[in-house]
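Q: Structure: protein.pdb, PDB, C-alpha atoms.
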```pdb
ATOM      1  CA  MET A   1      26.623  20.055 -19.367
ATOM      2  CA  SER A   2      26.475  20.645 -15.590
ATOM      3  CA  THR A   3      23.843  22.801 -13.932
ATOM      4  CA  ASN A   4      24.630  25.243 -11.185
ATOM      5  CA  PRO A   5      23.194  23.584  -8.049
ATOM      6  CA  THR A   6      22.791  26.856  -6.158
ATOM      7  CA  GLY A   7      21.670  28.951  -9.076
ATOM      8  CA  PRO A   8      18.226  29.457 -10.502
ATOM      9  CA  GLY A   9      18.076  25.866 -11.828
ATOM     10  CA  LYS A  10      16.416  22.775 -10.373
ATOM     11  CA  HIS A  11      17.155  23.611  -6.724
ATOM     12  CA  ASP A  12      16.969  27.347  -6.400
ATOM     13  CA  PRO A  13      17.731  28.383  -2.774
ATOM     14  CA  THR A  14      15.894  31.663  -3.288
ATOM     15  CA  LYS A  15      12.662  29.624  -3.439
ATOM     16  CA  TRP A  16      13.439  27.315  -0.500
ATOM     17  CA  VAL A  17      11.835  29.499   2.179
ATOM     18  CA  GLU A  18       8.552  29.794   0.267
ATOM     19  CA  GLU A  19       8.460  26.133  -0.779
ATOM     20  CA  HIS A  20       9.684  24.378   2.384
ATOM     21  CA  GLY A  21       9.921  26.978   5.184
ATOM     22  CA  ASP A  22       6.467  26.457   6.698
ATOM     23  CA  ALA A  23       6.652  22.649   6.636
ATOM     24  CA  LEU A  24      10.085  22.661   8.290
ATOM     25  CA  PHE A  25       8.865  25.199  10.846
ATOM     26  CA  ARG A  26       5.885  22.989  11.779
ATOM     27  CA  PHE A  27       8.201  19.953  11.945
ATOM     28  CA  ALA A  28      10.525  21.815  14.360
ATOM     29  CA  LEU A  29       7.641  23.190  16.414
ATOM     30  CA  LEU A  30       6.387  19.684  17.082
ATOM     31  CA  ARG A  31       9.659  19.039  18.939
ATOM     32  CA  VAL A  32      10.611  22.375  20.529
ATOM     33  CA  LYS A  33       8.270  24.676  22.438
ATOM     34  CA  ASP A  34       9.903  27.998  21.605
ATOM     35  CA  THR A  35       8.879  29.623  18.309
ATOM     36  CA  THR A  36      12.145  31.578  18.052
ATOM     37  CA  VAL A  37      14.182  28.400  18.534
ATOM     38  CA  ALA A  38      12.116  26.675  15.815
ATOM     39  CA  GLU A  39      12.744  29.594  13.431
ATOM     40  CA  ASP A  40      16.484  29.499  14.168
ATOM     41  CA  LEU A  41      16.561  25.742  13.539
ATOM     42  CA  VAL A  42      14.888  26.259  10.156
ATOM     43  CA  GLN A  43      17.362  28.998   9.252
ATOM     44  CA  ASP A  44      20.340  26.819  10.285
ATOM     45  CA  THR A  45      18.893  23.991   8.193
ATOM     46  CA  PHE A  46      18.700  26.135   5.070
ATOM     47  CA  LEU A  47      22.230  27.493   5.604
ATOM     48  CA  SER A  48      23.666  23.992   6.069
ATOM     49  CA  ALA A  49      21.747  22.814   3.001
ATOM     50  CA  LEU A  50      23.200  25.666   0.981
ATOM     51  CA  LYS A  51      26.726  24.667   2.055
ATOM     52  CA  GLY A  52      26.093  21.013   1.256
ATOM     53  CA  ILE A  53      24.007  21.338  -1.905
ATOM     54  CA  GLU A  54      26.880  19.974  -4.018
ATOM     55  CA  GLY A  55      26.506  16.701  -2.110
ATOM     56  CA  PHE A  56      22.762  16.436  -2.750
ATOM     57  CA  LYS A  57      22.429  13.745  -5.405
ATOM     58  CA  GLY A  58      18.674  13.974  -5.827
ATOM     59  CA  GLU A  59      18.148  10.355  -4.694
ATOM     60  CA  SER A  60      15.432  11.614  -2.357
ATOM     61  CA  SER A  61      13.250  14.688  -2.717
ATOM     62  CA  LEU A  62      14.708  18.033  -1.676
ATOM     63  CA  ARG A  63      12.061  18.189   1.112
ATOM     64  CA  THR A  64      13.185  14.813   2.522
ATOM     65  CA  TRP A  65      16.825  15.925   2.397
ATOM     66  CA  LEU A  66      16.030  19.187   4.197
ATOM     67  CA  VAL A  67      14.004  17.328   6.862
ATOM     68  CA  GLY A  68      17.012  15.023   7.415
ATOM     69  CA  ILE A  69      19.228  18.063   8.038
ATOM     70  CA  LEU A  70      16.607  19.609  10.347
ATOM     71  CA  LYS A  71      16.425  16.391  12.416
ATOM     72  CA  HIS A  72      20.179  16.645  13.035
ATOM     73  CA  LYS A  73      19.842  20.327  13.973
ATOM     74  CA  ILE A  74      17.099  19.473  16.493
ATOM     75  CA  ILE A  75      19.239  16.698  18.025
ATOM     76  CA  ASP A  76      22.208  19.111  18.281
ATOM     77  CA  HIS A  77      19.909  21.606  20.003
ATOM     78  CA  PHE A  78      18.836  18.944  22.523
ATOM     79  CA  ARG A  79      22.462  17.929  23.126
ATOM     80  CA  ARG A  80      23.322  21.518  24.059
ATOM     81  CA  ALA A  81      20.486  21.683  26.616
ATOM     82  CA  LYS A  82      21.523  22.287  30.194
ATOM     83  CA  PRO A  83      21.192  19.107  32.338
ATOM     84  CA  GLU A  84      19.518  21.163  35.112
ATOM     85  CA  ILE A  85      16.438  21.636  32.917
ATOM     86  CA  LEU A  86      15.950  17.886  32.638
ATOM     87  CA  ALA A  87      16.698  17.350  36.336
ATOM     88  CA  ALA A  88      14.120  20.009  37.287
ATOM     89  CA  ASP A  89      11.512  18.339  35.071
ATOM     90  CA  LEU A  90      12.277  14.972  36.652
ATOM     91  CA  SER A  91      11.858  16.165  40.240
ATOM     92  CA  ALA A  92       8.753  18.213  39.349
ATOM     93  CA  GLY A  93       7.347  15.073  37.777
ATOM     94  CA  ASP A  94       7.772  13.169  41.046
ATOM     95  CA  GLU A  95       5.178  15.301  42.838
ATOM     96  CA  ALA A  96       2.857  15.330  39.850
ATOM     97  CA  SER A  97       3.113  11.594  39.331
ATOM     98  CA  GLU A  98       2.178  10.851  42.952
ATOM     99  CA  SER A  99      -1.103  12.755  42.678
ATOM    100  CA  ASP A 100      -1.637  11.278  39.210
ATOM    101  CA  GLU A 101      -1.246   7.754  40.615
ATOM    102  CA  ILE A 102      -3.836   8.423  43.334
ATOM    103  CA  GLU A 103      -6.218   9.908  40.767
ATOM    104  CA  ARG A 104      -5.683   6.943  38.437
ATOM    105  CA  ALA A 105      -6.268   4.460  41.256
ATOM    106  CA  HIS A 106      -9.722   6.011  41.772
ATOM    107  CA  ARG A 107     -10.433   6.010  38.067
ATOM    108  CA  HIS A 108      -9.483   2.333  37.910
ATOM    109  CA  ARG A 109     -12.827   1.563  39.493
ATOM    110  CA  GLN A 110     -14.697   3.354  36.691
ATOM    111  CA  PRO A 111     -15.714   1.770  33.349
ATOM    112  CA  VAL A 112     -12.970   1.440  30.714
ATOM    113  CA  VAL A 113     -13.058   4.085  27.959
ATOM    114  CA  GLU A 114     -12.173   2.358  24.687
ATOM    115  CA  TRP A 115     -10.279   4.354  22.034
ATOM    116  CA  ARG A 116     -12.159   3.967  18.787
ATOM    117  CA  GLY A 117     -10.978   4.896  15.318
ATOM    118  CA  ASP A 118      -8.194   3.980  12.921
ATOM    119  CA  PRO A 119      -4.985   5.966  13.776
ATOM    120  CA  ASP A 120      -4.523   6.743  10.049
ATOM    121  CA  LYS A 121      -7.996   8.263   9.831
ATOM    122  CA  LEU A 122      -7.540  10.088  13.136
ATOM    123  CA  MET A 123      -4.445  11.862  11.833
ATOM    124  CA  GLU A 124      -6.426  13.158   8.861
ATOM    125  CA  ASN A 125      -8.879  14.788  11.264
ATOM    126  CA  LYS A 126      -7.876  18.387  11.992
ATOM    127  CA  GLU A 127      -9.770  18.458  15.292
ATOM    128  CA  PHE A 128      -7.956  15.342  16.520
ATOM    129  CA  TRP A 129      -4.641  16.794  15.360
ATOM    130  CA  ARG A 130      -5.248  19.931  17.408
ATOM    131  CA  ALA A 131      -6.060  17.797  20.457
ATOM    132  CA  PHE A 132      -2.879  15.746  19.949
ATOM    133  CA  VAL A 133      -0.616  18.781  19.523
ATOM    134  CA  GLY A 134      -2.295  20.535  22.454
ATOM    135  CA  CYS A 135      -1.537  17.512  24.663
ATOM    136  CA  LEU A 136       2.050  17.330  23.402
ATOM    137  CA  GLU A 137       2.523  21.030  24.144
ATOM    138  CA  GLY A 138       1.290  20.435  27.681
ATOM    139  CA  LEU A 139       4.164  18.064  28.493
ATOM    140  CA  PRO A 140       7.202  19.263  30.476
ATOM    141  CA  GLU A 141      10.138  19.980  28.145
ATOM    142  CA  SER A 142      12.135  16.836  29.007
ATOM    143  CA  HIS A 143       9.068  14.614  28.527
ATOM    144  CA  ARG A 144       8.298  16.191  25.178
ATOM    145  CA  ARG A 145      11.889  15.800  23.953
ATOM    146  CA  ALA A 146      12.193  12.178  25.032
ATOM    147  CA  PHE A 147       8.750  11.266  23.672
ATOM    148  CA  SER A 148       9.289  12.960  20.304
ATOM    149  CA  LEU A 149      12.721  11.364  19.836
ATOM    150  CA  ARG A 150      11.456   7.906  20.788
ATOM    151  CA  GLU A 151       7.935   7.778  19.371
ATOM    152  CA  ILE A 152       7.878  10.365  16.565
ATOM    153  CA  ASP A 153      11.420   9.863  15.233
ATOM    154  CA  GLY A 154      11.809   6.212  16.313
ATOM    155  CA  ILE A 155      15.310   6.705  17.761
ATOM    156  CA  SER A 156      16.642   3.920  20.032
ATOM    157  CA  GLY A 157      16.717   4.340  23.796
ATOM    158  CA  ASP A 158      20.534   4.110  23.923
ATOM    159  CA  GLU A 159      20.880   6.919  21.389
ATOM    160  CA  ILE A 160      18.340   9.119  23.223
ATOM    161  CA  CYS A 161      20.259   8.656  26.497
ATOM    162  CA  LYS A 162      23.383   9.992  24.748
ATOM    163  CA  ILE A 163      21.504  12.922  23.187
ATOM    164  CA  LEU A 164      19.779  13.984  26.410
ATOM    165  CA  ASN A 165      22.719  12.955  28.600
ATOM    166  CA  ILE A 166      20.554  10.886  30.983
ATOM    167  CA  THR A 167      20.621   7.305  32.256
ATOM    168  CA  ALA A 168      18.437   4.568  30.773
ATOM    169  CA  THR A 169      16.449   4.378  34.034
ATOM    170  CA  ASN A 170      15.721   8.123  33.862
ATOM    171  CA  LEU A 171      14.670   7.798  30.239
ATOM    172  CA  TRP A 172      12.213   4.982  31.014
ATOM    173  CA  VAL A 173      10.702   7.026  33.840
ATOM    174  CA  ILE A 174      10.363  10.103  31.613
ATOM    175  CA  LEU A 175       8.852   8.098  28.739
ATOM    176  CA  HIS A 176       6.377   6.372  31.067
ATOM    177  CA  ARG A 177       5.233   9.706  32.517
ATOM    178  CA  ALA A 178       4.991  11.276  29.060
ATOM    179  CA  ARG A 179       2.881   8.389  27.726
ATOM    180  CA  VAL A 180       0.569   8.401  30.750
ATOM    181  CA  LYS A 181       0.081  12.184  30.520
ATOM    182  CA  LEU A 182      -0.575  12.050  26.780
ATOM    183  CA  ARG A 183      -2.923   9.093  27.135
ATOM    184  CA  ASP A 184      -4.936  10.821  29.879
ATOM    185  CA  CYS A 185      -4.959  14.132  27.984
ATOM    186  CA  LEU A 186      -6.166  12.536  24.727
ATOM    187  CA  GLU A 187      -8.783  10.572  26.609
ATOM    188  CA  THR A 188     -10.144  13.726  28.279
ATOM    189  CA  ASN A 189      -9.924  15.982  25.242
ATOM    190  CA  TRP A 190     -10.899  13.571  22.470
ATOM    191  CA  PHE A 191     -11.891   9.971  23.101
ATOM    192  CA  LYS A 192     -14.355  10.662  25.945
ATOM    193  CA  LEU A 193     -16.026  13.367  23.864
ATOM    194  CA  LYS A 194     -16.534  11.203  20.758
TER     195      LYS A 194
ATOM    196  CA  MET B   1       8.669 -14.913  42.655
ATOM    197  CA  HIS B   2       5.454 -12.998  43.467
ATOM    198  CA  LEU B   3       2.771 -13.802  40.921
ATOM    199  CA  PHE B   4       0.853 -10.551  41.418
ATOM    200  CA  MET B   5       1.837  -6.940  40.883
ATOM    201  CA  PRO B   6      -0.042  -3.688  41.541
ATOM    202  CA  CYS B   7      -1.579  -1.874  38.566
ATOM    203  CA  GLU B   8       0.922   1.014  38.915
ATOM    204  CA  GLU B   9       3.811  -1.388  38.348
ATOM    205  CA  ALA B  10       1.996  -3.089  35.471
ATOM    206  CA  ALA B  11       1.498   0.344  33.849
ATOM    207  CA  ARG B  12       5.197   1.170  34.244
ATOM    208  CA  LEU B  13       6.316  -2.176  32.810
ATOM    209  CA  THR B  14       3.830  -1.925  29.918
ATOM    210  CA  SER B  15       5.506   1.349  28.975
ATOM    211  CA  GLU B  16       9.072   0.087  29.547
ATOM    212  CA  GLU B  17       8.401  -2.964  27.400
ATOM    213  CA  ARG B  18       8.063  -0.622  24.422
ATOM    214  CA  ASP B  19      11.648   0.583  24.963
ATOM    215  CA  HIS B  20      13.616  -2.467  26.068
ATOM    216  CA  PRO B  21      13.068  -6.209  26.649
ATOM    217  CA  LEU B  22      11.906  -7.021  30.168
ATOM    218  CA  PRO B  23      13.510  -9.813  32.236
ATOM    219  CA  TRP B  24      11.467 -12.977  31.600
ATOM    220  CA  SER B  25      10.188 -13.165  35.188
ATOM    221  CA  ARG B  26       8.725  -9.612  35.011
ATOM    222  CA  LYS B  27       7.315 -10.377  31.596
ATOM    223  CA  VAL B  28       5.495 -13.482  32.867
ATOM    224  CA  ILE B  29       4.050 -11.643  35.887
ATOM    225  CA  LEU B  30       2.969  -8.747  33.663
ATOM    226  CA  ARG B  31       1.174 -11.140  31.296
ATOM    227  CA  ILE B  32      -0.604 -12.803  34.251
ATOM    228  CA  HIS B  33      -1.667  -9.358  35.500
ATOM    229  CA  LEU B  34      -2.981  -8.387  32.064
ATOM    230  CA  VAL B  35      -5.063 -11.572  31.825
ATOM    231  CA  PHE B  36      -6.938 -10.606  34.992
ATOM    232  CA  CYS B  37      -7.020  -6.771  34.723
ATOM    233  CA  ALA B  38      -9.262  -5.287  32.007
ATOM    234  CA  HIS B  39      -8.170  -1.724  32.874
ATOM    235  CA  CYS B  40      -4.476  -2.477  32.402
ATOM    236  CA  ARG B  41      -5.238  -4.397  29.179
ATOM    237  CA  ALA B  42      -7.075  -1.320  27.895
ATOM    238  CA  CYS B  43      -4.150   0.926  28.937
ATOM    239  CA  CYS B  44      -1.766  -1.385  27.076
ATOM    240  CA  ARG B  45      -3.900  -1.109  23.895
ATOM    241  CA  LYS B  46      -4.009   2.677  24.286
ATOM    242  CA  LEU B  47      -0.207   2.915  24.488
ATOM    243  CA  ALA B  48       0.018   0.937  21.231
ATOM    244  CA  ILE B  49      -2.454   3.327  19.559
ATOM    245  CA  LEU B  50      -0.525   6.316  20.951
ATOM    246  CA  SER B  51       2.676   4.926  19.380
ATOM    247  CA  CYS B  52       0.916   4.561  15.996
ATOM    248  CA  ILE B  53      -0.383   8.124  16.214
ATOM    249  CA  ALA B  54       3.035   9.535  17.170
ATOM    250  CA  ALA B  55       4.816   7.581  14.425
ATOM    251  CA  ARG B  56       2.534   9.279  11.864
ATOM    252  CA  ALA B  57       2.887  12.745  13.396
ATOM    253  CA  GLY B  58       6.173  13.553  11.645
ATOM    254  CA  GLU B  59       4.806  13.045   8.155
ATOM    255  CA  THR B  60       1.448  14.598   9.058
ATOM    256  CA  VAL B  61       3.072  17.819  10.187
ATOM    257  CA  LEU B  62       4.869  18.146   6.858
ATOM    258  CA  ALA B  63       1.488  18.224   5.109
ATOM    259  CA  ARG B  64      -0.728  21.294   5.300
ATOM    260  CA  LEU B  65      -2.000  20.791   8.814
ATOM    261  CA  PRO B  66      -1.868  23.325  11.614
ATOM    262  CA  VAL B  67       0.317  22.957  14.674
ATOM    263  CA  GLY B  68      -1.215  24.708  17.622
ATOM    264  CA  ALA B  69      -4.473  24.996  19.419
ATOM    265  CA  GLY B  70      -5.868  27.832  17.283
ATOM    266  CA  ASP B  71      -7.746  27.592  14.013
ATOM    267  CA  ARG B  72      -5.102  29.257  11.881
ATOM    268  CA  ASP B  73      -2.379  27.366  10.038
ATOM    269  CA  VAL B  74       0.984  27.698  11.746
ATOM    270  CA  THR B  75       3.492  29.296   9.431
ATOM    271  CA  LEU B  76       6.742  31.224   9.673
ATOM    272  CA  SER B  77       6.110  34.859  10.584
ATOM    273  CA  SER B  78       6.783  37.369   7.817
ATOM    274  CA  GLU B  79       9.729  38.745   9.859
ATOM    275  CA  ALA B  80      11.267  35.273  10.229
ATOM    276  CA  ARG B  81      10.657  34.568   6.546
ATOM    277  CA  GLU B  82      12.477  37.755   5.505
ATOM    278  CA  ARG B  83      15.301  37.161   7.994
ATOM    279  CA  ILE B  84      15.903  33.630   6.708
ATOM    280  CA  LYS B  85      15.735  34.761   3.068
ATOM    281  CA  HIS B  86      18.269  37.504   3.831
ATOM    282  CA  ALA B  87      20.605  35.036   5.610
ATOM    283  CA  LEU B  88      20.367  32.643   2.651
ATOM    284  CA  ASP B  89      20.969  35.488   0.219
ATOM    285  CA  CYS B  90      24.099  36.614   2.093
ATOM    286  CA  ALA B  91      25.429  33.044   2.318
ATOM    287  CA  ASN B  92      24.780  32.124  -1.326
ATOM    288  CA  PRO B  93      28.134  32.529  -3.105
ATOM    289  CA  ARG B  94      26.692  32.101  -6.595
ATOM    290  CA  LYS B  95      23.718  34.409  -6.557
TER     291      LYS B  95
END
```
Translate the structure described by the file into structure tokens.

A:
Amino acid sequence: MSTNPTGPGKHDPTKWVEEHGDALFRFALLRVKDTTVAEDLVQDTFLSALKGIEGFKGESSLRTWLVGILKHKIIDHFRRAKPEILAADLSAGDEASESDEIERAHRHRQPVVEWRGDPDKLMENKEFWRAFVGCLEGLPESHRRAFSLREIDGISGDEICKILNITATNLWVILHRARVKLRDCLETNWFKLK
Amino acid sequence: MHLFMPCEEAARLTSEERDHPLPWSRKVILRIHLVFCAHCRACCRKLAILSCIAARAGETVLARLPVGAGDRDVTLSSEARERIKHALDCANPRK
């Protein structure tokens, strides 16, 4: 006896929004700044899942399958981004990075602030999580995209260059700036305070 | 081959090394720099911790944790929730 995959059986799409909507929304919002874009990505994910539900074999959980679809939707969204946005972020970063370098050179003469705490434990701490997300939100759009693809999703540099339509040299510059900004932000807003 | 590099270059190479293998000569000079510079060694450790934190962020955000600077949990707005439910309802051929 076969069950109707889109009916009120094991995977009932009418319950998807309540059961997975918020988690997918938070997942999208970690990668895109705009709330409306994140909502649209979640909606597109559910619609694609509905179309492809016949192909879902249940080898992973429904949540994992939906997250996999959402990741592809986010990458497609990045691919469609206008190159000017990334170029503007790159040139804006030039001025910022110069003053950052001077500031860092001065700080180099100050005592080293060690980062204490197990990363696993830190991620369970809501206050730390807020600091981390706040710092991520403070990055320019191109930095945030490159950093999230590389460090959160673990995608290779070559693949990211294709997605963002940039050269490897540009990617390394963007990733370096993103890491430095995040490191400094976390140090100011968390590690120095603890 | 210059055996010394400024801290700015060491910082850049420490980051780049996480994304692609460095030429051996740059790698050797970077290691020499790190032996003598406690600040750059600390920065290198911090980048490794940052990577660990970011790698866990994806799964963390799927749990019930807020995204955003406020105290409230971040959830779909009721309007978005209804809009998505309606779109799913219209697209479901077997409802």

Q: Might you pull out every residue within 8 Å of Leu139 in chain A, with only C-alpha atoms counted and same-chain residues fewer than 2 positions away left off, and present them as a list in words?

A: Cys135, Leu136, Glu137, Glu141, His143, Arg144, Ala178, Lys181 and Leu182 of chain A

Q: Taking the file above as input, evaluate the PyMOL selection byres ((chain B and resi 88) around 9) and report the hits as a PyMOL selection string.

A: (chain A and resi 13-14+43+46-47+50) or (chain B and resi 83-87+89-92)

Q: Listing only residues of range 22-92 of chain B within 12 Å of range 59-80 of chain A, what is the closest atom pair and its distance in Å (to one decimal) for each, using all atoms listed in the file, sorted by chain and residue number ascending, as a tab-separated table?

A:
```
residue	atom	partner	partner_atom	distance
B:Gly58	CA	A:Val67	CA	9.9
B:Glu59	CA	A:Val67	CA	10.2
B:Val61	CA	A:Val67	CA	11.4
B:Leu62	CA	A:Val67	CA	9.2
B:Ala63	CA	A:Arg63	CA	11.3
```

Q: For CA of Ser48 in chain A and CA of Thr36 in chain A, determine how far apart the two atoms are, in Å to one decimal place.

A: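 Atom-to-atom, CA of Ser48 in chain A and CA of Thr36 in chain A are spaced 18.3 Å apart.
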
Q: What are the centre and edge lengths in Å, to one decimal, of the axis-aligned box around all listed atoms of range 86-89 of chain B with 4 Å added on each side, as lines of an AutoDock Vina configuration file?

A:
```
center_x = 19.6
center_y = 35.1
center_z = 2.9
size_x = 10.7
size_y = 12.9
size_z = 13.4
```

Q: At a cut-off of 7 Å, can you tabulate as CSV every residue of chain A near chain B together with its closest atom pair and the distance in Å to one decimal, using only C-alpha atoms and ordering rows by chain then number?

A:
```
residue,atom,partner,partner_atom,distance
A:Thr6,CA,B:Arg94,CA,6.6
A:Gly7,CA,B:Lys95,CA,6.4
A:Val17,CA,B:Lys85,CA,6.6
A:Gly21,CA,B:Leu76,CA,6.9
A:Asp22,CA,B:Thr75,CA,4.9
A:Ala23,CA,B:Leu62,CA,4.8
A:Phe25,CA,B:Leu76,CA,6.5
A:Arg26,CA,B:Val61,CA,6.1
A:Phe27,CA,B:Val61,CA,5.8
A:Glu39,CA,B:Ala80,CA,6.7
A:Gln43,CA,B:Ile84,CA,5.5
A:Leu47,CA,B:Leu88,CA,6.2
A:His108,CA,B:His39,CA,6.6
A:Val112,CA,B:His39,CA,6.1
A:Trp115,CA,B:Lys46,CA,6.9
A:Pro119,CA,B:Ile53,CA,5.6
A:Arg130,CA,B:Ala69,CA,5.5
A:Val133,CA,B:Gly68,CA,6.3
A:Gly134,CA,B:Ala69,CA,5.8
A:Glu151,CA,B:Ala54,CA,5.7
A:Ile152,CA,B:Ala55,CA,4.7
A:Gly157,CA,B:Asp19,CA,6.4
A:Trp172,CA,B:Glu16,CA,6.0
A:His176,CA,B:Ser15,CA,5.5
```

Q: Rounded to one decimal place, report the CA of Val180 in chain A-CA of Leu149 in chain A distance in Å.

A: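 Interatomic distance, CA of Val180 in chain A to CA of Leu149 in chain A: 16.6 Å.
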
Q: Between CA of Thr169 in chain A and CA of Arg31 in chain B, what is the spacing in Å?

A: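 That distance, rounded to one decimal, is 21.9 Å.
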
Q: Which one is closest to Pro111 in chain A: A:Ile160, A:Lys192, A:Glu127, A:Glu19? Count all atoms listed in the file.

A: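 Smallest distance to Pro111 in chain A is found for A:Lys192.
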
Q: What residues come out when you apply the PyMOL selection byres ((chain B and resi 32) around 12) to this file, written as a ChimeraX atom specification?

A: /B:2-7,10,25-31,33-38,40-41
